[in-house]
Every structure is written in structure tokens, then in C-alpha cells.
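Note sheet for the following structure.
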Amino acid sequence: MQMVFHLGVHGTDGDRLLKTLLNNRDWLLRNETEVVSPARHRGLLEEAMMALNGAAATPEMQQIMLDAMLETEAPQRVVMSSPTLLGTPARAVAREGLYPQIGSRAAALAGLFADAHAEFFVAIRNPAVLLSKLTHLNSGGYAAMMQGADPRNLRWRDTIQRLVRSAQGRRVVIWCHEDVPLIWPELVRLIGDIPPEAPLSGALLYMQELLGEAGMARLNAELGGRDQLSITQRRQIQTAVLQEKLPPDAMDEEINLPGWTQDLVDQITRDYHADVAEIAVLPGVEFVLP
């Protein structure tokens, strides 16, 4: 059995991945893949991880959890998608960096189903934007969230290195949230193990949100007039329609954090791009490029 954990992160796709997978539920179930909603696993997994305290679950405990979560008999692939798998937003930042517990959380999740093959899927995004999103998710505000951490030390390269070390050879798939509109179909297929020839509902979800009805009409006209498009060709068409129909500032994010300047935003953005380049070639990482 394959246990697939989409860890988020907070402030990325929300529940879009979960909804898209559930929209393809019939195909997934026919192919022995079950998507487990957060309502069926959230409290269960947290309680089990606390009880085990880093130890691996026994076969009997694993079966009890599976019986509680699953609606089908013995699926070959089980998918869970929720940023709560990484813990609460309040634990996203510490002096040690972004998501300092990502390694221990991944190891604990894998240990819950020690007899299965665990896979981890994680979106990353510019820390300047991420911190702005996290501030709204933390009741204590920006200062409480940061816990004295220097935002310049919140580097994704360190976070993903911790994850890869703890994964111990298990599959780790990473992508940039900023690239999601172009790579969305490939992400859904990777997580659901849906082959390219299978139909996919919701493949243009992000494009629809960005373009609206008029823009989507143009995109569908461009895509519909061509047979057997490659991934590269489809992305080229999407990019062209985005450039034509999307307002220039539609993708801009406002950063309004205490004490931040434009120079700080620029520095963190440059560091993020450097980290992405490093993560993309990190051994043990499958990086999804646009």
C-alpha cells in the first residue's frame, strides 16, 4: 500500500487539490486509490502520533487506523491532503527556520503506517508572501508568529533538506506555488497516480480562477482546436492566453508586514529564487517545473 501525504503548506492551494481529487473519485476508486478527507483522519492521526511519540505503529494499530479512515476495502494507494498534516500555523515559524518540525512530522506520519510506502508532496512559495498569509492565520499576529526569528533566515532550502533527511529515501515531490496554474494537471496526476491518457476533471481549475469566463472561452477555443497536445504545447498556449487576458497586476501580492521594506522583500525574493534552484537539483527530490 502507498500512503500519500500532501503536506500543504499553509497559504498555498487551500483545499483545491482535495476537491479536484474528489471530483475524480470514480476513476480513482476503480483504480484502487482512495482519497481520505481531513474529517476522517485529522484527530485520529494526531492522537496516534502523540501516543507513539516517534515509535512505529504495530501492524494491529495500523489496521485499526485504516479501518477508521477508509471507506473501501484494501486500496493500493491512499491519499491525504491537508496543511494540518504539518501542524498548526503557529508552528510554521521558529528561530530554527520555516517549518522546523517538518522532518519529525514526516517521520511520524510514515511511522503510523510503517508497513506501507509513504510519499510526501509539498508546495513552497515566496516566504515574503507566505509570512503575510500566515500572519492572518495566527491569532497572535506577526510578532507572536515570528518568535524573534529573522525573516532573512527563513530559507526553504533548509526546510526541504530536513524533510529529505527524515524521509530516508521515501518519495519527496516539491513544486513552487507560483507555478501552479501551468502545472496543475501534472500535480493532480502525480498525487493520484493518474496516467496521462485518463480523463481528468478540474485540470484547468487555476486557469479558470485567473481568467474568468471570457478568458476561459479564449483558452478553450485555443486548446479545442488542436489534437493531442503535448504538455509543453499546452503550457505555451496557457502562457500566451494569460499574457493576453490577465491584467498586469493580477498576480501581484501586497506585503504589509511590520518593519518590512521593499529592500527586504526584494532580498527575500532573491533568496527564494536561489533556494528553488538548489532544491530543484537536490538528491532525493522530484521537482515539478513549469
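If you're wondering about the labels, chains in the C-alpha cells are A, B, ... by order shown, residues count from 1 in each chain, ligands from 1 in order shown.
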Identify, on the basis of only C-alpha atoms, every residue whose closest approach to Val78 (chain A) does not exceed 10 Å; exclude the query and any residue fewer than 5 positions from it along the same chain; express the result as an mmCIF file with N, CA, C and O atoms, in the first residue's frame.
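Written file, around_10.cif:
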data_model
loop_
_atom_site.group_PDB
_atom_site.id
_atom_site.type_symbol
_atom_site.label_atom_id
_atom_site.label_comp_id
_atom_site.auth_asym_id
_atom_site.auth_seq_id
_atom_site.Cartn_x
_atom_site.Cartn_y
_atom_site.Cartn_z
ATOM 1 N N MET A 1 0.839 -1.198 0.000
ATOM 2 C CA MET A 1 0.000 0.000 0.000
ATOM 3 C C MET A 1 0.875 1.249 0.000
ATOM 4 O O MET A 1 1.916 1.282 0.656
ATOM 5 N N GLN A 2 0.441 2.252 -0.746
ATOM 6 C CA GLN A 2 1.130 3.540 -0.792
ATOM 7 C C GLN A 2 0.319 4.559 0.009
ATOM 8 O O GLN A 2 -0.866 4.745 -0.241
ATOM 9 N N MET A 3 0.967 5.208 0.983
ATOM 10 C CA MET A 3 0.330 6.249 1.778
ATOM 11 C C MET A 3 0.888 7.591 1.317
ATOM 12 O O MET A 3 2.090 7.866 1.465
ATOM 13 N N VAL A 4 0.037 8.426 0.752
ATOM 14 C CA VAL A 4 0.467 9.677 0.129
ATOM 15 C C VAL A 4 0.020 10.848 0.993
ATOM 16 O O VAL A 4 -1.178 11.016 1.258
ATOM 17 N N PHE A 5 0.986 11.659 1.419
ATOM 18 C CA PHE A 5 0.694 12.808 2.284
ATOM 19 C C PHE A 5 1.000 14.104 1.539
ATOM 20 O O PHE A 5 2.161 14.421 1.284
ATOM 21 N N GLU A 32 -8.195 1.560 -7.517
ATOM 22 C CA GLU A 32 -7.739 1.194 -6.161
ATOM 23 C C GLU A 32 -7.019 2.333 -5.443
ATOM 24 O O GLU A 32 -6.054 2.115 -4.715
ATOM 25 N N THR A 33 -7.502 3.561 -5.664
ATOM 26 C CA THR A 33 -6.975 4.718 -4.945
ATOM 27 C C THR A 33 -8.112 5.384 -4.188
ATOM 28 O O THR A 33 -9.153 5.692 -4.764
ATOM 29 N N GLU A 34 -7.904 5.598 -2.892
ATOM 30 C CA GLU A 34 -8.928 6.274 -2.083
ATOM 31 C C GLU A 34 -8.369 7.580 -1.543
ATOM 32 O O GLU A 34 -7.259 7.624 -1.007
ATOM 33 N N VAL A 35 -9.148 8.642 -1.678
ATOM 34 C CA VAL A 35 -8.813 9.951 -1.119
ATOM 35 C C VAL A 35 -9.550 10.083 0.201
ATOM 36 O O VAL A 35 -10.779 9.957 0.251
ATOM 37 N N VAL A 36 -8.803 10.341 1.268
ATOM 38 C CA VAL A 36 -9.383 10.429 2.610
ATOM 39 C C VAL A 36 -9.547 11.898 2.981
ATOM 40 O O VAL A 36 -8.569 12.657 3.004
ATOM 41 N N LEU A 66 -6.523 2.286 9.648
ATOM 42 C CA LEU A 66 -7.034 2.139 8.291
ATOM 43 C C LEU A 66 -8.535 1.846 8.300
ATOM 44 O O LEU A 66 -9.286 2.394 7.490
ATOM 45 N N MET A 69 -10.349 5.086 8.883
ATOM 46 C CA MET A 69 -10.258 6.117 7.847
ATOM 47 C C MET A 69 -10.909 5.729 6.533
ATOM 48 O O MET A 69 -11.518 6.563 5.867
ATOM 49 N N LEU A 70 -10.760 4.487 6.146
ATOM 50 C CA LEU A 70 -11.085 4.086 4.779
ATOM 51 C C LEU A 70 -12.549 3.688 4.626
ATOM 52 O O LEU A 70 -13.174 3.165 5.553
ATOM 53 N N ALA A 116 3.610 0.394 5.004
ATOM 54 C CA ALA A 116 3.270 0.946 3.686
ATOM 55 C C ALA A 116 4.431 1.775 3.159
ATOM 56 O O ALA A 116 5.408 2.033 3.857
ATOM 57 N N ALA A 118 5.451 5.352 2.114
ATOM 58 C CA ALA A 118 4.995 6.738 2.269
ATOM 59 C C ALA A 118 5.576 7.619 1.172
ATOM 60 O O ALA A 118 6.714 7.438 0.739
ATOM 61 N N ILE A 191 -0.068 13.003 -7.819
ATOM 62 C CA ILE A 191 -0.543 12.646 -6.485
ATOM 63 C C ILE A 191 -1.560 11.509 -6.551
ATOM 64 O O ILE A 191 -1.548 10.605 -5.714
ATOM 65 N N GLY A 192 -2.427 11.538 -7.545
ATOM 66 C CA GLY A 192 -3.420 10.484 -7.685
ATOM 67 C C GLY A 192 -2.942 9.293 -8.476
ATOM 68 O O GLY A 192 -3.659 8.304 -8.598
#
When DSSP works through the backbone of this structure, what residues of region 18-249 of chain A end up as alpha helix (DSSP H), shown as JSON, numbers by chain? {"A": [18, 19, 20, 21, 22, 23, 25, 26, 27, 28, 29, 30, 38, 39, 40, 41, 42, 43, 44, 45, 46, 47, 48, 49, 50, 51, 52, 59, 60, 61, 62, 63, 64, 65, 66, 67, 68, 69, 102, 103, 104, 105, 106, 107, 108, 109, 110, 111, 112, 127, 128, 129, 130, 131, 132, 133, 134, 135, 136, 137, 141, 142, 143, 144, 145, 146, 156, 157, 158, 159, 160, 161, 162, 163, 164, 165, 166, 167, 180, 181, 182, 183, 184, 185, 186, 187, 188, 189, 190, 191, 192, 205, 206, 207, 208, 209, 210, 211, 212, 213, 214, 215, 216, 217, 218, 219, 220, 221, 222, 223, 224, 231, 232, 233, 234, 235, 236, 237, 238, 239, 240, 241, 242, 243, 244, 245]}
Kindly provide the residues of region 181-223 of chain A that approach region 19-24 of chain A to within 9 Å, each paired with its closest atom pair and their distance in Å to one decimal, based on only C-alpha atoms, listed by chain and increasing number, as JSON lines.
{"residue": "A:Val188", "atom": "CA", "partner": "A:Leu21", "partner_atom": "CA", "distance": 7.0}
{"residue": "A:Ile191", "atom": "CA", "partner": "A:Leu21", "partner_atom": "CA", "distance": 8.8}
{"residue": "A:Gly192", "atom": "CA", "partner": "A:Leu21", "partner_atom": "CA", "distance": 7.1}
{"residue": "A:Pro199", "atom": "CA", "partner": "A:Asn24", "partner_atom": "CA", "distance": 8.7}
{"residue": "A:Leu200", "atom": "CA", "partner": "A:Asn24", "partner_atom": "CA", "distance": 6.7}
{"residue": "A:Ser201", "atom": "CA", "partner": "A:Asn24", "partner_atom": "CA", "distance": 6.1}
{"residue": "A:Gly202", "atom": "CA", "partner": "A:Thr20", "partner_atom": "CA", "distance": 5.8}
{"residue": "A:Ala203", "atom": "CA", "partner": "A:Thr20", "partner_atom": "CA", "distance": 8.1}
{"residue": "A:Leu205", "atom": "CA", "partner": "A:Thr20", "partner_atom": "CA", "distance": 8.3}
If you keep C-alpha atoms, can you produce a file of those selected residues as a compact mmCIF listing (two decimals), in the first residue's frame?
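Heads up, here's the output in selection07.txt:
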# COMPACT_ATOMS: atom_id res chain seq x y z
CA VAL A 188 -3.05 16.12 -9.69
CA ILE A 191 -0.54 12.65 -6.49
CA GLY A 192 -3.42 10.48 -7.68
CA PRO A 199 -9.64 11.79 -18.24
CA LEU A 200 -9.11 14.45 -15.58
CA SER A 201 -11.85 16.66 -14.19
CA GLY A 202 -10.69 20.06 -12.94
CA ALA A 203 -7.48 20.19 -14.95
CA LEU A 205 -9.15 24.92 -12.17
List every residue of region 37-75 of chain A that has an atom at most 6 Å from any atom of region 97-112 of chain A, and for each one report the closest atom pair and its distance in Å to one decimal, counting only C-alpha atoms, with rows sorted by chain and then by increasing residue number, as JSON lines.
{"residue": "A:Gly54", "atom": "CA", "partner": "A:Ala108", "partner_atom": "CA", "distance": 5.7}
{"residue": "A:Ala56", "atom": "CA", "partner": "A:Gly111", "partner_atom": "CA", "distance": 4.4}
{"residue": "A:Ala57", "atom": "CA", "partner": "A:Leu112", "partner_atom": "CA", "distance": 5.1}
Just C-alpha atoms for this one: save the residues we selected as a PDB file, in the first residue's frame.
ATOM      1  CA  GLY A  54       8.219   8.677  17.436  1.00  0.00           C
ATOM      2  CA  ALA A  56       6.392   2.909  14.637  1.00  0.00           C
ATOM      3  CA  ALA A  57       2.843   1.643  14.846  1.00  0.00           C
TER       4      ALA A  57
END
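Across the structure, CA of Ala128 (chain A) and CA of Arg91 (chain A) are spaced 16.9 Å apart.
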Between A:Pro59, A:Gly284, A:Gly87, A:Gly169, which residue has the minimum interatomic distance to His117 (chain A), considering only C-alpha atoms? A:Gly169
If you run DSSP over the backbone, which residues in region 75-286 of chain A end up strand (DSSP E)? Put them as a list of chain:residue names. A:Arg77, A:Val78, A:Val79, A:Met80, A:Ser81, A:Val93, A:Ala94, A:Gly97, A:Leu98, A:His117, A:Ala118, A:Glu119, A:Phe120, A:Phe121, A:Val122, A:Ala123, A:Ile124, A:Arg171, A:Val172, A:Val173, A:Ile174, A:Trp175, A:Cys176, A:Glu286
Skipping near chain neighbours, those fewer than 5 positions away, what residues fall within 6 Å of region 174-187 of chain A using only C-alpha atoms, listed as a PyMOL selection string? chain A and resi 122-125+203+206-207+235+287-288+290
List every residue of region 72-170 of chain A that has an atom at most 12 Å from any atom of region 242-253 of chain A, giving for each one its closest atom pair and the distance in Å to one decimal, counting only C-alpha atoms, sorted by chain and then by ascending residue number, as JSON lines.
{"residue": "A:Arg125", "atom": "CA", "partner": "A:Glu253", "partner_atom": "CA", "distance": 11.9}
{"residue": "A:Asn126", "atom": "CA", "partner": "A:Glu253", "partner_atom": "CA", "distance": 10.4}
{"residue": "A:Pro127", "atom": "CA", "partner": "A:Glu253", "partner_atom": "CA", "distance": 11.9}
{"residue": "A:Ala128", "atom": "CA", "partner": "A:Glu253", "partner_atom": "CA", "distance": 9.4}
{"residue": "A:Val129", "atom": "CA", "partner": "A:Glu253", "partner_atom": "CA", "distance": 6.9}
{"residue": "A:Leu130", "atom": "CA", "partner": "A:Glu253", "partner_atom": "CA", "distance": 10.2}
{"residue": "A:Leu131", "atom": "CA", "partner": "A:Glu253", "partner_atom": "CA", "distance": 11.7}
{"residue": "A:Ser132", "atom": "CA", "partner": "A:Glu253", "partner_atom": "CA", "distance": 9.3}
{"residue": "A:Lys133", "atom": "CA", "partner": "A:Glu253", "partner_atom": "CA", "distance": 10.2}
Counting only C-alpha atoms, what is within 8 Å of Asp15 (chain A), bar same-chain residues fewer than 3 positions away, as a PDB file with N, CA and C atoms, in the first residue's frame?
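The resulting file, selection-v8.pdb, is reproduced below:
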ATOM      1  N   LEU A  18      -7.586  18.667  -2.820  1.00  0.00           N
ATOM      2  CA  LEU A  18      -8.525  17.687  -2.273  1.00  0.00           C
ATOM      3  C   LEU A  18      -9.808  17.648  -3.095  1.00  0.00           C
ATOM      4  N   LYS A  19     -10.357  18.822  -3.405  1.00  0.00           N
ATOM      5  CA  LYS A  19     -11.600  18.870  -4.175  1.00  0.00           C
ATOM      6  C   LYS A  19     -11.417  18.304  -5.583  1.00  0.00           C
ATOM      7  N   SER A  81      -4.682  14.984   2.037  1.00  0.00           N
ATOM      8  CA  SER A  81      -4.263  16.330   1.649  1.00  0.00           C
ATOM      9  C   SER A  81      -4.782  17.332   2.663  1.00  0.00           C
ATOM     10  N   SER A  82      -3.857  17.939   3.430  1.00  0.00           N
ATOM     11  CA  SER A  82      -4.243  18.947   4.410  1.00  0.00           C
ATOM     12  C   SER A  82      -3.001  19.594   4.986  1.00  0.00           C
TER      13      SER A  82
END
Hey, what's within 12 Å of region 222-227 of chain A if we count only C-alpha atoms and toss same-chain stuff fewer than 2 positions away? As a PyMOL selection string, please? chain A and resi 204+215-220+229-231+233-241
Would you mind exporting C-alpha atoms of the selected residues as a PDB file, in the first residue's frame?
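The result, stored in selection-v3.pdb:
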ATOM      1  CA  LEU A 204      -7.939  23.911 -15.631  1.00  0.00           C
ATOM      2  CA  GLY A 215     -10.545  34.373 -20.724  1.00  0.00           C
ATOM      3  CA  MET A 216     -11.523  30.715 -20.387  1.00  0.00           C
ATOM      4  CA  ALA A 217     -13.604  30.936 -23.534  1.00  0.00           C
ATOM      5  CA  ARG A 218     -10.489  32.081 -25.361  1.00  0.00           C
ATOM      6  CA  LEU A 219      -8.340  29.370 -23.766  1.00  0.00           C
ATOM      7  CA  ASN A 220     -10.832  26.613 -24.562  1.00  0.00           C
ATOM      8  CA  LEU A 229      -1.244  18.484 -27.399  1.00  0.00           C
ATOM      9  CA  SER A 230       1.957  17.795 -25.514  1.00  0.00           C
ATOM     10  CA  ILE A 231       2.388  19.217 -22.029  1.00  0.00           C
ATOM     11  CA  GLN A 233       2.382  22.876 -26.129  1.00  0.00           C
ATOM     12  CA  ARG A 234      -0.491  23.177 -23.651  1.00  0.00           C
ATOM     13  CA  ARG A 235       1.591  25.319 -21.317  1.00  0.00           C
ATOM     14  CA  GLN A 236       2.686  27.538 -24.187  1.00  0.00           C
ATOM     15  CA  ILE A 237      -0.946  28.163 -25.111  1.00  0.00           C
ATOM     16  CA  GLN A 238      -1.878  28.828 -21.487  1.00  0.00           C
ATOM     17  CA  THR A 239       1.001  31.266 -21.101  1.00  0.00           C
ATOM     18  CA  ALA A 240       0.015  33.133 -24.252  1.00  0.00           C
ATOM     19  CA  VAL A 241      -3.619  33.461 -23.119  1.00  0.00           C
TER      20      VAL A 241
END
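The two atoms in question, CA of Ala39 (chain A) and CA of Gly8 (chain A), are spaced 16.0 Å apart.
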Between CA of Leu190 (chain A) and CA of Ala68 (chain A), measure the distance and give it in Å to one decimal. 25.7 Å
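Among the candidate residues A:Leu28, A:Ser37, A:Glu60, A:Asp275, the one lying nearest to Arg157 (chain A) is A:Asp275, with distances computed using only C-alpha atoms.
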